[in-house]
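Take a look at the structure set out below.
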Protein chains: 2
Amino acid sequence: MSQQHVLSTPQASAKPLRRDAQRNRDAIVAAARKAFAEQGLDASLEGVAREAGVAIGTLYRHFPRRLDLVEELFTAKFTELLAASEEAAAMDDAWEGFCHYLEKLCQLQACDRAFNDLVSARLPLHALGRGMFERAGERAAQLFRNAQEKGVLREDVTPEDLAFVIWSQAGIIQATRAVAPNAWRRHLHLMLDAFRAQCAHELPEPPLTPQQVDQTLTTLECPEEECRECHEEA
Amino acid sequence: MSQQHVLSTPQASAKPLRRDAQRNRDAIVAAARKAFAEQGLDASLEGVAREAGVAIGTLYRHFPRRLDLVEELFTAKFTELLAASEEAAAMDDAWEGFCHYLEKLCQLQACDRAFNDLVSARLPLHALGRGMFERAGERAAQLFRNAQEKGVLREDVTPEDLAFVIWSQAGIIQATRAVAPNAWRRHLHLMLDAFRAQCAHELPEPPLTPQQVDQTLTTLECPEEECRECHEEA
DNA sequence: CCTGAATTCGAGGGGCCCCTCATGTTAGCG
DNA sequence: CGCTAACATGAGGGGCCCCTCGAATTCAGG
C-alpha cells in the first residue's frame with residue numbers, strides 16, 4: 001500500500017523508455033511547461049516541438065493528443081491543490097482554512113496561464129488528474145460549510161459560488177499579469193470580504209446549481225471528448 | 001474647423017454612398033454585429049463576409065482594418081454607457097448611482113462578447129469612440145468618490161478598483177454565458193457588498209495606480225497600434 | 001559488430017485565416 | 001442611353017497550425 005505508489009512519472013511505470021527517447025520526452029515536457037504557462041492551453045504544439053529541438057512527429061509519438069500532454073503537465077499542480085485542501089481542512093479556524101485554500105488555488109492560477117484556463121472551464125477536467133480537482137472541490141465545499149456553521153461565512157451563498165472566485169480571478173489574472181502580477185490577491189481579499197457574514201445584503205440571483213457548474217465546465221469546445229470513447233477497442 | 005468634422009457615421013457625413021454600396025455595408029455591419037457578439041473580437045472577417053453574402057474584398061473596401069469595423073459597431077454601446085454614467089450622476093443616492101452604472105456596464109459586457117473583450121483590455125480603447133469609455137470612467141470615478149464621502153463605500157479602495165469589476169465580470173460572463181446567462185448579476189452584487197464600508201478588512205495589496213490600469217489596457221497584443229501612425233502621410 | 005525494434009524525422013495534405021489586386025460589374029449623372 | 005467613377009469579385013500568395021506516415025536513423029541486446 002506504500003510500494004505501489006501510483007506516481008504518474010511514466011518512465012518508472014510502463015516501460016523504461018530508450019535513453020534518447022527519454023531525453024526527447026523530457027525536452028518536450030520542459031518546453032511545453034514554458035509554452036503553456038505563457039500562452040495558455042492553446043499554445044502551438046509545433047512551437048513546443050521547435051523549442052524542444054525536436055521534430056513535430058516526435059512530439060506526437062510521445063503525446064498523441066494534446067490532452068495527454070496537458071495531463072502530464074498538470075497532475076502535479078492538481079496534487080498541490082489537493083494537498084492545500086487537506087492542509088486547510090486540518091486548520092483550527094474554519095475561516096482561515098477557507099482563505100488558505102483559496103489563496104493557494106488562485107496562486108496556482110496566477111502562475112500558469114494554462115492552469116488558469118484549465119480550472120476556469122476550458123477543458124474536460126474529469127479526464128484529468130483522476131478527479132483530483134473534484135476531490136479538492138469537495139474538500140473546499142466542506143470548509144465552506146464549516147465556516148458557515150461557525151457563522152463567519154454568510155448564509156446565502158453556496159459552495160457553487162466558489163466558482164465565481166475561480167472565474168473572476170481568471171479574468172483578473174489575465175488582465176493584470178503583465179503589469180501587476182499580484183493584483184489578484186487584492187481582488188481575492190475583496191471577495192473574501194464579500195463572503196463574510198457581517199455585510200450580507202440580499203442577492204438578486206439564485207446561486208448556480210451543482211449541475212450548472214458542471215455543465216459550465218464541460219459545455220466548452222472540446223472535440224476530443226467523444227474520441228476518448230471510440231479510441232481503441234476492436 | 002467645423003466643416004471637417006470627422007464623424008464616424010459615414011453615410012451621413014462624408015459622401016452619400018452609392019445605394020448598392022450602402023446596402024452591402026449595412027449587411028456587413030449586421031453580420032459583424034452578430035458574429036462579434038457571439039465570437040468576440042477575434043471573429044473571422046471571412047466568416048462575416050460570408051454571412052453577409054458579400055465577397056471578402058468588399059468587406060475590406062468598407063473597413064480596411066478590423067478596428068474600423070469594431071469602431072463602427074461599438075461607438076453606439078459606448079454612448080449607451082456614457083449615458084448610463086450621466087443618469088447615475090443625476091441620482092440622489094450616491095450608492096444607488098454607483099450601482100446603476102456598474103449594472104449597466106456589466107449588462108453591456110454580458111450581452112456582447114466582443115464588448116466584453118473590448119472593455120477588458122483586448123484592444124487600444126483610446127482609439128475608439130473618441131475616448132467615451134474614458135469619460136464614462138471619469139464620471140464613474142466621481143460617483144465612486146461621492147459614495148466614499150457619504151461613507152457607504154469603504155475608504156481603502158480607489159476608482160482603479162473598478163477595473164476589478166470589469167475584469168472579473170469578463171471571466172464570469174465568459175464562463176457562464178451558455179449555462180446561466182444572468183449569473184453575472186449575482187457576482188456583481190457580491191462585489192458590491194465587498195465595496196461597502198461596513199465590512200472592510202485590510203487588503204494585502206495596494207490598489208493599482210492609474211498608470212497601471214492604463215498600461216493594462218494597452219499592453220495587450222495589438223499589431224495595429226503603430227500602424228495608426230505610419231498610416232498615411234507622405 | 002550486427003541487426004531488428006524503437007525512435008526520429010520532416011515533407012505534405014488539409015484547414016482556417018488575413019489581406020491584395022487585377023478584372024469585371026453597376027449605379028446614376030448628364 | 002451611354003459613360004465613367006465607384007464598387008464588387010474571388011482567386012491567390014502568405015501565414016500559422018494540426019496531424020499523418022513512409023523513409024531514415026539510432027539504440028541496445030546478442
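How things are named: the first chain in the C-alpha cells is A, the next is B, and so on; residues count from 1 in each chain; ligands count from 1 in the order shown.
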Set the cut-off to 8 Å and count only C-alpha atoms (C1' of nucleotides): what are the residues of chain D that reach chain B? Output as an mmCIF file with all heavy atoms, in the first residue's frame.
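Result file follows (out_20.cif):
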```cif
data_model
loop_
_atom_site.group_PDB
_atom_site.id
_atom_site.type_symbol
_atom_site.label_atom_id
_atom_site.label_comp_id
_atom_site.auth_asym_id
_atom_site.auth_seq_id
_atom_site.Cartn_x
_atom_site.Cartn_y
_atom_site.Cartn_z
ATOM 1 P P DA D 6 -14.936 58.394 -57.828
ATOM 2 O OP1 DA D 6 -15.147 59.605 -57.008
ATOM 3 O OP2 DA D 6 -13.574 57.878 -58.065
ATOM 4 O "O5'" DA D 6 -15.818 57.224 -57.217
ATOM 5 C "C5'" DA D 6 -17.228 57.348 -57.252
ATOM 6 C "C4'" DA D 6 -17.839 55.984 -57.077
ATOM 7 O "O4'" DA D 6 -17.588 55.178 -58.256
ATOM 8 C "C3'" DA D 6 -17.260 55.198 -55.894
ATOM 9 O "O3'" DA D 6 -18.343 54.835 -55.054
ATOM 10 C "C2'" DA D 6 -16.583 53.984 -56.531
ATOM 11 C "C1'" DA D 6 -17.343 53.842 -57.839
ATOM 12 N N9 DA D 6 -16.580 53.203 -58.910
ATOM 13 C C8 DA D 6 -15.330 53.538 -59.356
ATOM 14 N N7 DA D 6 -14.903 52.796 -60.358
ATOM 15 C C5 DA D 6 -15.939 51.906 -60.579
ATOM 16 C C6 DA D 6 -16.111 50.857 -61.509
ATOM 17 N N6 DA D 6 -15.181 50.521 -62.420
ATOM 18 N N1 DA D 6 -17.270 50.176 -61.466
ATOM 19 C C2 DA D 6 -18.193 50.517 -60.557
ATOM 20 N N3 DA D 6 -18.154 51.488 -59.639
ATOM 21 C C4 DA D 6 -16.990 52.151 -59.705
ATOM 22 P P DC D 7 -18.099 54.117 -53.709
ATOM 23 O OP1 DC D 7 -19.239 54.423 -52.839
ATOM 24 O OP2 DC D 7 -16.707 54.388 -53.277
ATOM 25 O "O5'" DC D 7 -18.219 52.597 -54.153
ATOM 26 C "C5'" DC D 7 -19.438 52.161 -54.738
ATOM 27 C "C4'" DC D 7 -19.262 50.773 -55.292
ATOM 28 O "O4'" DC D 7 -18.300 50.778 -56.359
ATOM 29 C "C3'" DC D 7 -18.740 49.744 -54.286
ATOM 30 O "O3'" DC D 7 -19.842 48.925 -53.895
ATOM 31 C "C2'" DC D 7 -17.670 48.960 -55.058
ATOM 32 C "C1'" DC D 7 -17.851 49.441 -56.492
ATOM 33 N N1 DC D 7 -16.615 49.477 -57.313
ATOM 34 C C2 DC D 7 -16.475 48.571 -58.355
ATOM 35 O O2 DC D 7 -17.376 47.753 -58.572
ATOM 36 N N3 DC D 7 -15.345 48.601 -59.109
ATOM 37 C C4 DC D 7 -14.391 49.490 -58.854
ATOM 38 N N4 DC D 7 -13.308 49.486 -59.640
ATOM 39 C C5 DC D 7 -14.523 50.439 -57.798
ATOM 40 C C6 DC D 7 -15.640 50.400 -57.062
ATOM 41 P P DA D 8 -19.548 47.652 -53.018
ATOM 42 O OP1 DA D 8 -20.816 47.268 -52.358
ATOM 43 O OP2 DA D 8 -18.335 47.880 -52.221
ATOM 44 O "O5'" DA D 8 -19.255 46.543 -54.116
ATOM 45 C "C5'" DA D 8 -20.298 46.132 -54.980
ATOM 46 C "C4'" DA D 8 -19.919 44.829 -55.652
ATOM 47 O "O4'" DA D 8 -18.775 45.071 -56.519
ATOM 48 C "C3'" DA D 8 -19.503 43.732 -54.672
ATOM 49 O "O3'" DA D 8 -20.176 42.539 -55.062
ATOM 50 C "C2'" DA D 8 -17.988 43.646 -54.801
ATOM 51 C "C1'" DA D 8 -17.726 44.158 -56.211
ATOM 52 N N9 DA D 8 -16.493 44.926 -56.350
ATOM 53 C C8 DA D 8 -16.086 45.987 -55.592
ATOM 54 N N7 DA D 8 -14.930 46.503 -55.967
ATOM 55 C C5 DA D 8 -14.561 45.716 -57.050
ATOM 56 C C6 DA D 8 -13.438 45.732 -57.896
ATOM 57 N N6 DA D 8 -12.439 46.626 -57.790
ATOM 58 N N1 DA D 8 -13.372 44.811 -58.873
ATOM 59 C C2 DA D 8 -14.375 43.929 -58.990
ATOM 60 N N3 DA D 8 -15.477 43.810 -58.262
ATOM 61 C C4 DA D 8 -15.513 44.747 -57.300
ATOM 62 P P DT D 9 -19.914 41.185 -54.284
ATOM 63 O OP1 DT D 9 -21.134 40.358 -54.410
ATOM 64 O OP2 DT D 9 -19.382 41.517 -52.960
ATOM 65 O "O5'" DT D 9 -18.774 40.523 -55.150
ATOM 66 C "C5'" DT D 9 -18.972 40.380 -56.540
ATOM 67 C "C4'" DT D 9 -17.764 39.711 -57.158
ATOM 68 O "O4'" DT D 9 -16.685 40.667 -57.221
ATOM 69 C "C3'" DT D 9 -17.247 38.513 -56.352
ATOM 70 O "O3'" DT D 9 -17.375 37.348 -57.136
ATOM 71 C "C2'" DT D 9 -15.790 38.866 -56.043
ATOM 72 C "C1'" DT D 9 -15.481 39.976 -57.034
ATOM 73 N N1 DT D 9 -14.499 41.002 -56.570
ATOM 74 C C2 DT D 9 -13.339 41.213 -57.291
ATOM 75 O O2 DT D 9 -13.055 40.589 -58.294
ATOM 76 N N3 DT D 9 -12.525 42.189 -56.790
ATOM 77 C C4 DT D 9 -12.743 42.958 -55.657
ATOM 78 O O4 DT D 9 -11.935 43.813 -55.316
ATOM 79 C C5 DT D 9 -13.969 42.683 -54.946
ATOM 80 C C7 DT D 9 -14.307 43.464 -53.716
ATOM 81 C C6 DT D 9 -14.789 41.730 -55.428
ATOM 82 P P DG D 10 -17.665 35.947 -56.463
ATOM 83 O OP1 DG D 10 -18.501 35.160 -57.390
ATOM 84 O OP2 DG D 10 -18.072 36.146 -55.057
ATOM 85 O "O5'" DG D 10 -16.201 35.315 -56.483
ATOM 86 C "C5'" DG D 10 -15.475 35.298 -57.702
ATOM 87 C "C4'" DG D 10 -14.021 35.030 -57.397
ATOM 88 O "O4'" DG D 10 -13.402 36.251 -56.921
ATOM 89 C "C3'" DG D 10 -13.786 33.990 -56.301
ATOM 90 O "O3'" DG D 10 -12.597 33.276 -56.591
ATOM 91 C "C2'" DG D 10 -13.572 34.848 -55.071
ATOM 92 C "C1'" DG D 10 -12.745 35.952 -55.700
ATOM 93 N N9 DG D 10 -12.652 37.169 -54.915
ATOM 94 C C8 DG D 10 -13.442 37.547 -53.852
ATOM 95 N N7 DG D 10 -13.094 38.700 -53.338
ATOM 96 C C5 DG D 10 -12.014 39.107 -54.106
ATOM 97 C C6 DG D 10 -11.214 40.268 -54.026
ATOM 98 O O6 DG D 10 -11.316 41.201 -53.238
ATOM 99 N N1 DG D 10 -10.220 40.284 -55.014
ATOM 100 C C2 DG D 10 -10.025 39.297 -55.947
ATOM 101 N N2 DG D 10 -9.021 39.472 -56.799
ATOM 102 N N3 DG D 10 -10.760 38.205 -56.027
ATOM 103 C C4 DG D 10 -11.735 38.176 -55.082
#
```
Practice task
Write out as a VMD selection string the residues lying within 12 Å of D:DC16, counting only C-alpha atoms (C1' of nucleotides) and excluding same-chain residues fewer than 6 positions away.
Solution key: (chain A and resid 44 to 47) or (chain C and resid 15 to 18)
Can you write just those residues out, C-alpha atoms (C1' of nucleotides), as an mmCIF file, in the first residue's frame?
```cif
data_model
loop_
_atom_site.group_PDB
_atom_site.id
_atom_site.type_symbol
_atom_site.label_atom_id
_atom_site.label_comp_id
_atom_site.auth_asym_id
_atom_site.auth_seq_id
_atom_site.Cartn_x
_atom_site.Cartn_y
_atom_site.Cartn_z
ATOM 1 C CA SER A 44 1.093 25.798 -30.502
ATOM 2 C CA LEU A 45 2.398 22.263 -30.412
ATOM 3 C CA GLU A 46 4.627 22.975 -33.346
ATOM 4 C CA GLY A 47 6.105 25.777 -31.319
ATOM 5 C "C1'" DG C 15 -7.782 23.663 -42.655
ATOM 6 C "C1'" DC C 16 -8.667 28.320 -41.480
ATOM 7 C "C1'" DC C 17 -7.457 32.799 -41.770
ATOM 8 C "C1'" DC C 18 -5.533 37.566 -43.394
#
```
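Atom CA of A:Arg130 lies 19.9 Å from atom CA of A:Gln142.
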Exercise for the section: Give as a count of residues only every residue of chain C that touches chain A within 10 Å, counting only C-alpha atoms (C1' of nucleotides). Expected result: 5
Exercise for the section: Would you kindly return, as a PyMOL selection string, each protein, DNA or RNA residue with an atom no farther than 10 Å from any atom of A:Leu105, considering only C-alpha atoms (C1' of nucleotides) and excluding same-chain residues fewer than 5 positions away? Expected result: chain A and resi 77-78+80-82+84-85+99-100+110+116+119+136+165-166+169
Handout entry: Secondary structure check, helix (DSSP H, G or I) residues of stretch 13-142 of chain A, as a VMD selection string
Key = chain A and resid 13 19 to 39 45 to 52 56 to 62 66 to 89 94 to 111 113 to 122 125 to 127 129 to 142
Practice task
Compute the set of chain A residues within 10 Å of chain B, using only C-alpha atoms, and express it as a ChimeraX atom specification.
Solution key: /A:120-122,157,161,163-180,182-209,211-217,219-220
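Of note, atom CA of A:Gln39 and atom CA of A:Arg135 are spaced 27.3 Å apart.
Interatomic distance, atom CA of A:Arg145 to atom CA of A:Ala94: 9.0 Å.
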Exercise for the section: Can you pull out every residue within 12 Å of D:DG29, counting only C-alpha atoms (C1' of nucleotides), but drop anything in the same chain fewer than 4 positions away, and send it as a ChimeraX atom specification? Expected result: /C:2-5
Suppose we keep N, CA and C atoms (P, O5', C5', C4', C3', O3' and C1' of nucleotides); can you now write the selection as a PDB file, in the first residue's frame?
```pdb
ATOM      1  P    DC C   2      29.617  -5.896 -38.961  1.00  0.00           P
ATOM      2  O5'  DC C   2      28.304  -6.734 -38.715  1.00  0.00           O
ATOM      3  C5'  DC C   2      28.247  -7.606 -37.566  1.00  0.00           C
ATOM      4  C4'  DC C   2      26.808  -8.039 -37.389  1.00  0.00           C
ATOM      5  C3'  DC C   2      25.849  -7.467 -38.431  1.00  0.00           C
ATOM      6  O3'  DC C   2      24.825  -8.426 -38.597  1.00  0.00           O
ATOM      7  C1'  DC C   2      25.305  -6.589 -36.309  1.00  0.00           C
ATOM      8  P    DT C   3      23.908  -8.424 -39.947  1.00  0.00           P
ATOM      9  O5'  DT C   3      22.450  -8.431 -39.308  1.00  0.00           O
ATOM     10  C5'  DT C   3      22.216  -9.228 -38.133  1.00  0.00           C
ATOM     11  C4'  DT C   3      21.072  -8.627 -37.328  1.00  0.00           C
ATOM     12  C3'  DT C   3      19.945  -8.025 -38.184  1.00  0.00           C
ATOM     13  O3'  DT C   3      18.723  -8.406 -37.590  1.00  0.00           O
ATOM     14  C1'  DT C   3      20.665  -6.451 -36.614  1.00  0.00           C
ATOM     15  P    DG C   4      17.502  -8.879 -38.499  1.00  0.00           P
ATOM     16  O5'  DG C   4      16.251  -8.503 -37.574  1.00  0.00           O
ATOM     17  C5'  DG C   4      16.225  -8.981 -36.224  1.00  0.00           C
ATOM     18  C4'  DG C   4      15.624  -7.914 -35.339  1.00  0.00           C
ATOM     19  C3'  DG C   4      14.324  -7.296 -35.883  1.00  0.00           C
ATOM     20  O3'  DG C   4      13.487  -7.026 -34.777  1.00  0.00           O
ATOM     21  C1'  DG C   4      15.892  -5.598 -35.530  1.00  0.00           C
ATOM     22  P    DA C   5      11.985  -7.255 -34.905  1.00  0.00           P
ATOM     23  O5'  DA C   5      11.467  -6.435 -33.640  1.00  0.00           O
ATOM     24  C5'  DA C   5      12.261  -6.418 -32.455  1.00  0.00           C
ATOM     25  C4'  DA C   5      12.391  -4.993 -31.944  1.00  0.00           C
ATOM     26  C3'  DA C   5      11.097  -4.169 -32.032  1.00  0.00           C
ATOM     27  O3'  DA C   5      10.854  -3.624 -30.754  1.00  0.00           O
ATOM     28  C1'  DA C   5      12.912  -2.959 -32.964  1.00  0.00           C
TER      29       DA C   5
END
```
